[in-house]
>>> print(open('entry_18.cif').read())   # mmCIF, C-alpha atoms
data_coords
loop_
_atom_site.label_atom_id
_atom_site.label_comp_id
_atom_site.auth_asym_id
_atom_site.auth_seq_id
_atom_site.Cartn_x
_atom_site.Cartn_y
_atom_site.Cartn_z
CA MET G 1 280.99 -14.16 217.06
CA LYS G 2 280.68 -10.66 215.67
CA ASN G 3 283.78 -8.76 214.83
CA ARG G 4 284.48 -5.35 216.29
CA GLY G 5 283.17 -3.47 213.24
CA GLU G 6 279.83 -5.27 213.36
CA TYR G 7 279.61 -4.74 217.08
CA ASP G 8 280.26 -1.01 216.69
CA SER G 9 277.75 -0.80 213.87
CA ALA G 10 275.12 -2.40 216.12
CA LEU G 11 275.96 0.05 218.89
CA ALA G 12 275.79 2.99 216.48
CA ALA G 13 272.43 1.75 215.21
CA GLU G 14 270.93 1.47 218.70
CA TYR G 15 272.35 4.90 219.49
CA ALA G 16 270.76 6.47 216.41
CA LEU G 17 267.49 4.71 217.15
CA GLY G 18 267.59 5.99 220.72
CA THR G 19 267.58 2.65 222.51
CA LEU G 20 271.14 2.87 223.74
CA ARG G 21 270.79 4.20 227.27
CA GLY G 22 272.61 5.09 230.43
CA PRO G 23 276.31 4.26 230.81
CA ALA G 24 276.40 2.51 227.43
CA ARG G 25 275.26 5.67 225.66
CA PHE G 26 277.64 7.82 227.67
CA LYS G 27 280.53 5.52 226.81
CA LEU G 28 279.67 5.57 223.12
CA GLU G 29 279.43 9.36 223.11
CA GLN G 30 282.88 9.54 224.65
CA ARG G 31 284.23 7.20 222.00
CA ILE G 32 282.60 9.15 219.15
CA ARG G 33 284.65 12.18 220.14
CA HIS G 34 287.91 10.33 219.79
CA GLU G 35 287.19 7.77 217.10
CA PRO G 36 286.47 9.34 213.72
CA GLU G 37 285.51 5.98 212.19
CA LEU G 38 282.88 5.47 214.83
CA ALA G 39 281.60 9.01 214.28
CA VAL G 40 281.17 8.22 210.59
CA LEU G 41 279.31 5.03 211.43
CA VAL G 42 276.94 6.88 213.77
CA ALA G 43 276.36 9.61 211.18
CA ARG G 44 275.47 6.96 208.57
CA TRP G 45 272.91 5.40 210.88
CA GLN G 46 271.45 8.78 211.72
CA ARG G 47 271.14 9.54 208.02
CA LEU G 48 269.54 6.18 207.37
CA LEU G 49 266.85 6.80 209.98
CA ALA G 50 266.48 10.54 209.35
CA PRO G 51 263.63 10.17 206.80
CA LEU G 52 261.48 9.00 209.72
CA ASP G 53 261.55 12.63 210.87
CA HIS G 54 259.62 13.66 207.76
CA ALA G 55 256.53 12.16 209.31
CA LEU G 56 256.66 14.66 212.15
CA ILE G 57 254.51 17.74 212.05
CA PRO G 58 256.51 20.91 212.75
CA ILE G 59 255.36 23.05 215.66
CA THR G 60 256.59 26.62 215.95
CA PRO G 61 257.57 27.34 219.54
CA PRO G 62 256.38 30.55 221.19
CA GLU G 63 258.61 33.62 220.97
CA ARG G 64 259.34 33.50 224.71
CA VAL G 65 261.33 30.28 224.26
CA TRP G 66 263.72 31.99 221.90
CA LYS G 67 264.07 34.93 224.27
CA LYS G 68 264.85 32.60 227.16
CA ILE G 69 267.46 30.81 225.07
CA GLN G 70 269.07 34.12 224.19
CA LEU G 71 269.31 35.05 227.85
CA SER G 72 270.94 31.73 228.68
CA LEU G 73 273.69 32.12 226.15
CA PRO G 74 277.07 33.53 227.16
CA PRO G 75 277.31 37.36 227.09
CA LEU G 76 279.39 37.37 223.93
CA ALA G 77 276.65 35.61 222.07
CA ARG G 78 274.08 38.07 223.32
CA GLN G 79 276.19 40.98 222.29
CA ARG G 80 276.67 39.55 218.84
CA ARG G 81 273.01 38.90 218.55
CA TRP G 82 272.32 42.44 219.61
CA ARG G 83 274.56 43.76 216.90
CA TRP G 84 272.77 41.73 214.30
CA ASP G 85 269.47 42.97 215.61
CA TYR G 86 270.78 46.47 215.40
CA LEU G 87 272.02 45.91 211.90
CA ALA G 88 268.80 44.31 210.80
CA TRP G 89 266.89 47.15 212.32
CA ALA G 90 269.08 49.72 210.68
CA LEU G 91 268.55 47.96 207.39
CA ALA G 92 264.83 47.87 207.88
CA ALA G 93 264.86 51.53 208.80
CA GLY G 94 265.56 52.38 205.26
CA LEU G 95 269.21 51.69 204.75
CA ALA G 96 269.30 51.47 201.00
CA ALA G 97 272.13 49.07 200.46
CA VAL G 98 272.82 50.45 197.03
CA VAL G 99 273.44 53.88 198.48
CA LEU G 100 275.26 52.86 201.58
CA VAL G 101 277.45 49.96 200.64
CA PRO G 102 279.70 52.07 198.43
CA ARG G 103 279.91 54.62 201.23
CA PHE G 104 280.98 52.04 203.74
CA ILE G 105 283.57 50.78 201.35
CA GLU G 106 284.86 54.27 200.68
CA GLN G 107 285.15 55.22 204.29
CA THR G 108 288.31 54.45 206.16
CA PRO G 109 287.65 51.03 207.63
CA GLU G 110 288.19 51.97 211.25
CA PHE G 111 284.77 53.66 211.53
CA THR G 112 282.20 51.47 213.24
CA PRO G 113 278.50 52.36 213.49
CA ALA G 114 277.75 53.33 217.08
CA LEU G 115 274.38 55.01 217.04
CA VAL G 116 271.36 55.86 214.94
CA LEU G 117 269.93 59.35 215.33
CA SER G 118 266.22 59.51 214.62
CA SER G 119 263.67 62.24 214.61
CA GLY G 120 260.88 62.31 217.15
CA GLN G 121 258.38 62.22 214.33
CA THR G 122 257.83 59.30 212.06
CA GLY G 123 260.03 60.72 209.35
CA SER G 124 262.19 58.29 207.46
CA GLU G 125 265.28 60.43 207.82
CA GLN G 126 267.96 59.09 210.09
CA TRP G 127 271.65 59.46 210.66
CA ILE G 128 274.19 56.78 211.31
CA LEU G 129 276.90 57.93 213.64
CA SER G 130 280.13 55.99 213.33
CA LEU G 131 283.20 56.28 215.47
CA ASP G 132 286.80 55.31 215.01
CA LYS G 133 288.42 53.00 217.51
CA ALA G 134 290.06 55.74 219.56
CA VAL G 135 286.81 57.80 219.56
CA LYS G 136 288.77 60.74 218.15
CA HIS G 137 286.81 61.03 214.93
CA LEU G 138 283.19 60.60 214.06
CA GLN G 139 281.32 60.23 210.86
CA LEU G 140 277.68 61.02 210.20
CA THR G 141 275.90 59.41 207.29
CA PRO G 142 272.40 60.62 206.41
CA ILE G 143 269.75 58.12 205.34
CA ASN G 144 266.96 59.57 203.22
CA PRO G 145 268.40 63.04 203.64
CA GLN G 146 266.02 66.01 203.57
CA GLN G 147 266.78 69.39 202.08
CA ILE G 148 266.95 72.25 204.57
CA ALA G 149 266.48 75.95 203.86
CA ALA G 150 269.56 77.87 202.76
CA THR G 151 269.13 80.12 205.77
CA ASN G 152 269.65 77.18 208.13
CA SER G 153 272.44 74.87 209.19
CA LEU G 154 272.45 71.58 211.04
CA GLN G 155 274.64 71.45 214.12
CA LEU G 156 275.75 68.38 216.05
CA TRP G 157 275.85 68.31 219.84
CA ALA G 158 277.03 65.99 222.55
CA ILE G 159 275.03 66.29 225.76
CA PRO G 160 276.47 64.61 228.86
CA ALA G 161 273.69 63.68 231.28
CA GLY G 162 272.71 66.72 233.31
CA GLU G 163 275.17 69.03 231.57
CA LYS G 164 275.10 71.64 228.86
CA PRO G 165 275.38 70.62 225.22
CA VAL G 166 278.81 70.82 223.65
CA SER G 167 279.00 71.62 219.97
CA LEU G 168 280.73 69.05 217.80
CA GLY G 169 280.42 71.07 214.62
CA LEU G 170 278.23 71.64 211.60
CA VAL G 171 276.74 68.80 209.63
CA ALA G 172 276.17 68.66 205.88
CA ALA G 173 272.46 68.08 205.25
CA LYS G 174 272.83 65.61 202.41
CA ASP G 175 276.36 64.34 202.63
CA VAL G 176 278.69 62.37 204.84
CA THR G 177 280.29 64.57 207.48
CA ARG G 178 283.48 63.78 209.32
CA LEU G 179 284.39 65.60 212.49
CA THR G 180 287.32 65.53 214.87
CA LEU G 181 286.36 65.19 218.51
CA ASP G 182 288.69 67.63 220.18
CA GLN G 183 286.12 69.51 222.30
CA ILE G 184 284.82 66.57 224.28
CA GLN G 185 285.45 62.90 224.93
CA LEU G 186 282.34 60.93 224.01
CA ALA G 187 281.16 58.55 226.71
CA ARG G 188 278.43 56.05 227.26
CA GLY G 189 275.12 57.59 228.29
CA MET G 190 275.64 60.84 226.39
CA THR G 191 272.89 62.09 224.16
CA ILE G 192 273.90 63.03 220.66
CA ALA G 193 271.60 65.48 218.92
CA ILE G 194 271.32 67.49 215.73
CA SER G 195 269.59 70.86 216.01
CA LEU G 196 268.40 73.27 213.34
CA GLU G 197 270.33 76.50 213.64
CA PRO G 198 270.68 79.71 211.65
CA ALA G 199 273.08 79.37 208.73
CA GLY G 200 276.64 79.37 209.95
CA CYS G 201 276.02 78.00 213.40
CA SER G 202 274.31 78.75 216.64
CA PRO G 203 275.00 82.38 217.54
CA THR G 204 275.17 81.70 221.26
CA GLY G 205 277.33 78.60 221.40
CA HIS G 206 274.29 76.72 222.68
CA PRO G 207 271.55 75.12 220.63
CA THR G 208 268.86 77.69 219.81
CA GLY G 209 266.75 75.87 217.27
CA PRO G 210 264.66 72.72 217.54
CA VAL G 211 266.29 69.32 218.03
CA MET G 212 265.74 67.47 214.76
CA TYR G 213 267.38 64.15 215.51
CA ALA G 214 268.71 62.52 218.64
CA GLY G 215 269.96 59.27 220.06
CA GLN G 216 271.77 58.03 223.13
CA LEU G 217 275.16 56.39 223.14
CA VAL G 218 274.48 53.08 224.87
CA SER G 219 277.76 51.46 224.07
CA LEU G 220 281.19 52.56 223.03
CA MET T 1 258.04 20.54 229.12
CA ALA T 2 258.56 20.51 225.37
CA GLU T 3 259.75 24.08 225.78
CA GLU T 4 262.21 23.00 228.46
CA VAL T 5 263.60 20.32 226.19
CA LEU T 6 263.89 22.75 223.31
CA HIS T 7 265.60 25.29 225.53
CA GLU T 8 268.16 22.77 226.76
CA SER T 9 268.65 21.47 223.24
CA PHE T 10 269.57 24.87 221.90
CA ILE T 11 272.00 25.44 224.74
CA SER T 12 273.61 22.12 223.81
CA VAL T 13 273.68 23.14 220.18
CA TRP T 14 275.43 26.34 221.16
CA ASN T 15 277.98 24.54 223.29
CA ARG T 16 278.62 21.80 220.79
CA ALA T 17 278.52 23.84 217.61
CA ALA T 18 282.29 23.60 217.25
CA SER T 19 282.08 19.82 217.07
CA TYR T 20 279.54 19.81 214.23
CA ASP T 21 281.02 18.27 211.13
CA PRO T 22 279.12 19.15 207.95
CA GLN T 23 280.73 16.24 206.14
CA LEU T 24 279.14 13.76 208.51
CA SER T 25 275.58 14.95 208.73
CA SER T 26 273.22 17.65 207.56
CA PRO T 27 272.49 20.40 210.09
CA LEU T 28 268.90 19.16 210.41
CA THR T 29 269.94 15.59 211.18
CA TRP T 30 272.48 16.84 213.70
CA LEU T 31 269.94 19.12 215.38
CA THR T 32 267.27 16.45 215.42
CA HIS T 33 269.68 14.04 217.03
CA ILE T 34 270.48 16.50 219.82
CA VAL T 35 266.81 17.26 220.43
CA ARG T 36 265.93 13.55 220.48
CA ASN T 37 268.60 12.75 223.01
CA ARG T 38 267.50 15.68 225.17
CA ALA T 39 263.91 14.50 224.94
CA ILE T 40 264.92 10.96 225.90
CA ASP T 41 266.91 12.30 228.85
CA TRP T 42 263.91 14.30 229.92
CA LEU T 43 261.62 11.28 229.71
CA ARG T 44 264.03 9.38 231.93
CA SER T 45 264.32 12.24 234.41
CA ALA T 46 262.10 12.83 237.42
CA GLY T 47 259.98 15.35 235.51
CA GLY T 48 259.37 12.88 232.74
CA LYS T 49 258.47 10.07 235.11
CA ALA T 50 256.04 12.31 236.94
CA ALA T 51 254.22 13.19 233.74
CA GLU T 52 251.40 11.03 232.51
CA ARG T 53 253.54 8.68 230.56
CA GLU T 54 250.92 6.09 229.81
CA ASP T 55 248.55 8.63 228.32
CA GLU T 56 251.26 9.87 226.01
CA PHE T 57 252.07 6.41 224.84
CA VAL T 58 248.47 5.38 224.33
CA ASP T 59 247.78 8.50 222.26
CA VAL T 60 249.73 7.07 219.37
CA GLU T 61 248.20 4.40 217.25
CA VAL T 62 251.27 2.47 216.49
CA GLY T 63 249.33 -0.27 214.74
CA SER T 64 248.45 2.05 211.88
CA PHE T 65 251.72 2.89 210.29
CA ALA T 66 250.00 4.45 207.29
CA GLU T 67 250.64 8.10 208.08
CA PRO T 68 254.37 7.94 208.69
CA VAL T 69 254.72 5.82 205.58
CA GLU T 70 252.88 8.38 203.47
CA ALA T 71 255.08 11.17 204.73
CA LEU T 72 258.15 9.05 204.14
CA GLN T 73 257.28 8.66 200.47
CA ARG T 74 258.06 12.30 199.83
CA SER T 75 261.80 11.88 199.50
CA GLN T 76 263.83 9.29 197.71
CA GLU T 77 265.62 8.12 200.82
CA GLY T 78 262.26 8.09 202.53
CA GLN T 79 260.77 5.85 199.85
CA LYS T 80 263.61 3.43 200.23
CA LEU T 81 263.38 3.37 203.99
CA SER T 82 259.62 2.95 203.97
CA ALA T 83 259.85 0.08 201.48
CA CYS T 84 262.42 -1.59 203.72
CA LEU T 85 260.27 -1.03 206.80
CA GLU T 86 257.38 -2.66 204.95
CA HIS T 87 259.39 -5.86 204.57
CA LEU T 88 259.74 -6.18 208.32
CA PRO T 89 257.46 -8.43 210.34
CA ILE T 90 254.90 -6.29 212.15
CA ASP T 91 256.44 -6.86 215.60
CA GLN T 92 259.84 -5.66 214.49
CA ARG T 93 258.42 -2.66 212.68
CA GLN T 94 256.34 -1.67 215.71
CA SER T 95 259.35 -1.92 217.97
CA ILE T 96 261.38 0.37 215.72
CA VAL T 97 258.56 2.90 215.46
CA LEU T 98 257.96 2.90 219.22
CA ALA T 99 261.63 3.38 219.92
CA TYR T 100 262.16 6.13 217.37
CA TYR T 101 258.97 8.16 217.71
CA GLN T 102 258.15 7.51 221.35
CA GLY T 103 261.69 7.43 222.64
CA MET T 104 260.94 4.09 224.31
CA SER T 105 263.72 1.97 225.71
CA HIS T 106 263.91 -1.79 225.13
CA GLY T 107 262.24 -2.26 228.49
CA GLU T 108 259.41 0.14 227.72
CA VAL T 109 258.74 -1.45 224.35
CA SER T 110 258.63 -4.84 226.03
CA VAL T 111 256.07 -3.61 228.57
CA TYR T 112 254.07 -1.84 225.89
CA LEU T 113 253.93 -4.83 223.57
CA GLN T 114 253.75 -7.29 226.48
CA GLN T 115 256.66 -9.32 225.25
CA PRO T 116 259.75 -10.55 227.07
CA LEU T 117 262.65 -8.09 227.10
CA GLY T 118 264.98 -10.52 225.31
CA THR T 119 262.47 -10.93 222.51
CA VAL T 120 262.13 -7.19 221.99
CA LYS T 121 265.89 -6.72 222.01
CA SER T 122 266.33 -9.32 219.31
CA TRP T 123 263.43 -7.86 217.24
CA ILE T 124 265.09 -4.48 217.26
CA ARG T 125 268.50 -5.92 216.51
CA ARG T 126 267.17 -7.95 213.59
CA ALA T 127 265.14 -5.02 212.30
CA LEU T 128 268.21 -2.76 212.32
CA ASP T 129 270.25 -5.49 210.59
CA HIS T 130 267.61 -5.71 207.92
CA LEU T 131 267.44 -1.94 207.41
CA LYS T 132 271.20 -1.80 207.13
CA ASP T 133 271.25 -4.37 204.32
CA CYS T 134 268.06 -3.18 202.65
CA VAL T 135 268.65 0.59 202.66
CA GLY T 136 272.42 0.30 202.51
CA LEU T 137 274.45 1.96 205.23
#
>>> encode(input="entry_18.cif", output="structure tokens")
Amino acid sequence: MKNRGEYDSALAAEYALGTLRGPARFKLEQRIRHEPELAVLVARWQRLLAPLDHALIPITPPERVWKKIQLSLPPLARQRRWRWDYLAWALAAGLAAVVLVPRFIEQTPEFTPALVLSSGQTGSEQWILSLDKAVKHLQLTPINPQQIAATNSLQLWAIPAGEKPVSLGLVAAKDVTRLTLDQIQLARGMTIAISLEPAGCSPTGHPTGPVMYAGQLVSL
Amino acid sequence: MAEEVLHESFISVWNRAASYDPQLSSPLTWLTHIVRNRAIDWLRSAGGKAAEREDEFVDVEVGSFAEPVEALQRSQEGQKLSACLEHLPIDQRQSIVLAYYQGMSHGEVSVYLQQPLGTVKSWIRRALDHLKDCVGL
């Protein structure tokens, strides 16, 4: 007569092999959750048989499978994934870590990247717009900044859908700019744009020059 | 159908990630185990039964164990396991390979090898006993 340990080992072996089926498998899976010793036994058997997997030829599944999996995950997971995508994209878009990492460390930690402003053309220049938690302050960080003529200034605008642009202030062409948002409360769906204005700022209170960079606030 | 199994497997992985214990098994072993169980469940399900099971089984030449053995040789644990598998009588070895690679149950192995169920069960049990002593659990 086998003792309990041998019996469990045999069960664990059949489980790892895949021949333990139906209620017996279900029962063992329940036990694994509550019996650490049994879990160890199962893990040992799985490890023993694992080299058999080396004989398998890997097949890369089509991209659509991954997309479907993403959609099936809880919303939190999707959101996180989106953020990583965004980060990866921002990195790929020319975020020189050497330049930016010190900047992120220097900045007060409550600023979180919210938006990337890009030019309509294929230029490599972009701006990262970060917001503090209360959305009372914003910070603009240029990536691959371009020199502008001394007779010009860059001006930042918030454009609520269907409304007139509201000036948020002037932006340094090659440096980090911090602005206080006392003119307007930023909201989802707003377009944020940087226009090229005469030095000083737009003479009319509305953008007069071309929009250089723009992006839409999709989340806050 | 492989895509379905993969999809379900990853959902399981997501849901069970908290219970993964890195001290017990490598991530790959853990993942493989989840995928295998999903695949076995699928084979047992209506969809699996409707599929051309016999064709799938016949596709594999179980008699020639040469390829898996070659692939096994690549790692040290693999070499040990393959040496231990070599010691087994052919019937026992075939039963193990059918169960592991084809996801066959005792009953399916017995039909496939045209042997009584009790015989197949004891082959598998003895084979596992041997592997346990030979490889070292």
>>> resolve_selection(input="entry_18.cif", expression="the PyMOL selection byres ((chain G) within 8 of (chain T))", output="MDAnalysis selection string")
chainID G and resid 10 13 16:21 39:40 43:52 54:56 61 65:66 68:69 72:73
>>> atom_distance(input="entry_18.cif", atom1="CA of Ser12 in chain T", atom2="CA of Pro62 in chain G")
19.4 Å
>>> resolve_selection(input="entry_18.cif", expression="the PyMOL selection byres ((chain G and resi 11) around 9)", output="number ranges by chain")
G: 6-10, 12-16, 20, 24-25, 28, 42
>>> residues_near_point(input="entry_18.cif", point="(285.4, 62.1, 217.3)", cutoff="7 Å", atoms="only C-alpha atoms", output="list in words")
Leu131, Val135, Lys136, His137, Leu138, Leu179, Thr180 and Leu181 of chain G
>>> atom_distance(input="entry_18.cif", atom1="CA of Pro142 in chain G", atom2="CA of Glu125 in chain G")
7.3 Å
>>> atom_distance(input="entry_18.cif", atom1="CA of Ala161 in chain G", atom2="CA of Cys201 in chain G")
23.0 Å
>>> axis_aligned_box(input="entry_18.cif", around="range 171-175 of chain G", padding_each_side="6 Å", output="JSON")
{"center_x": 274.6, "center_y": 66.6, "center_z": 206.0, "size_x": 16.3, "size_y": 16.5, "size_z": 19.2}
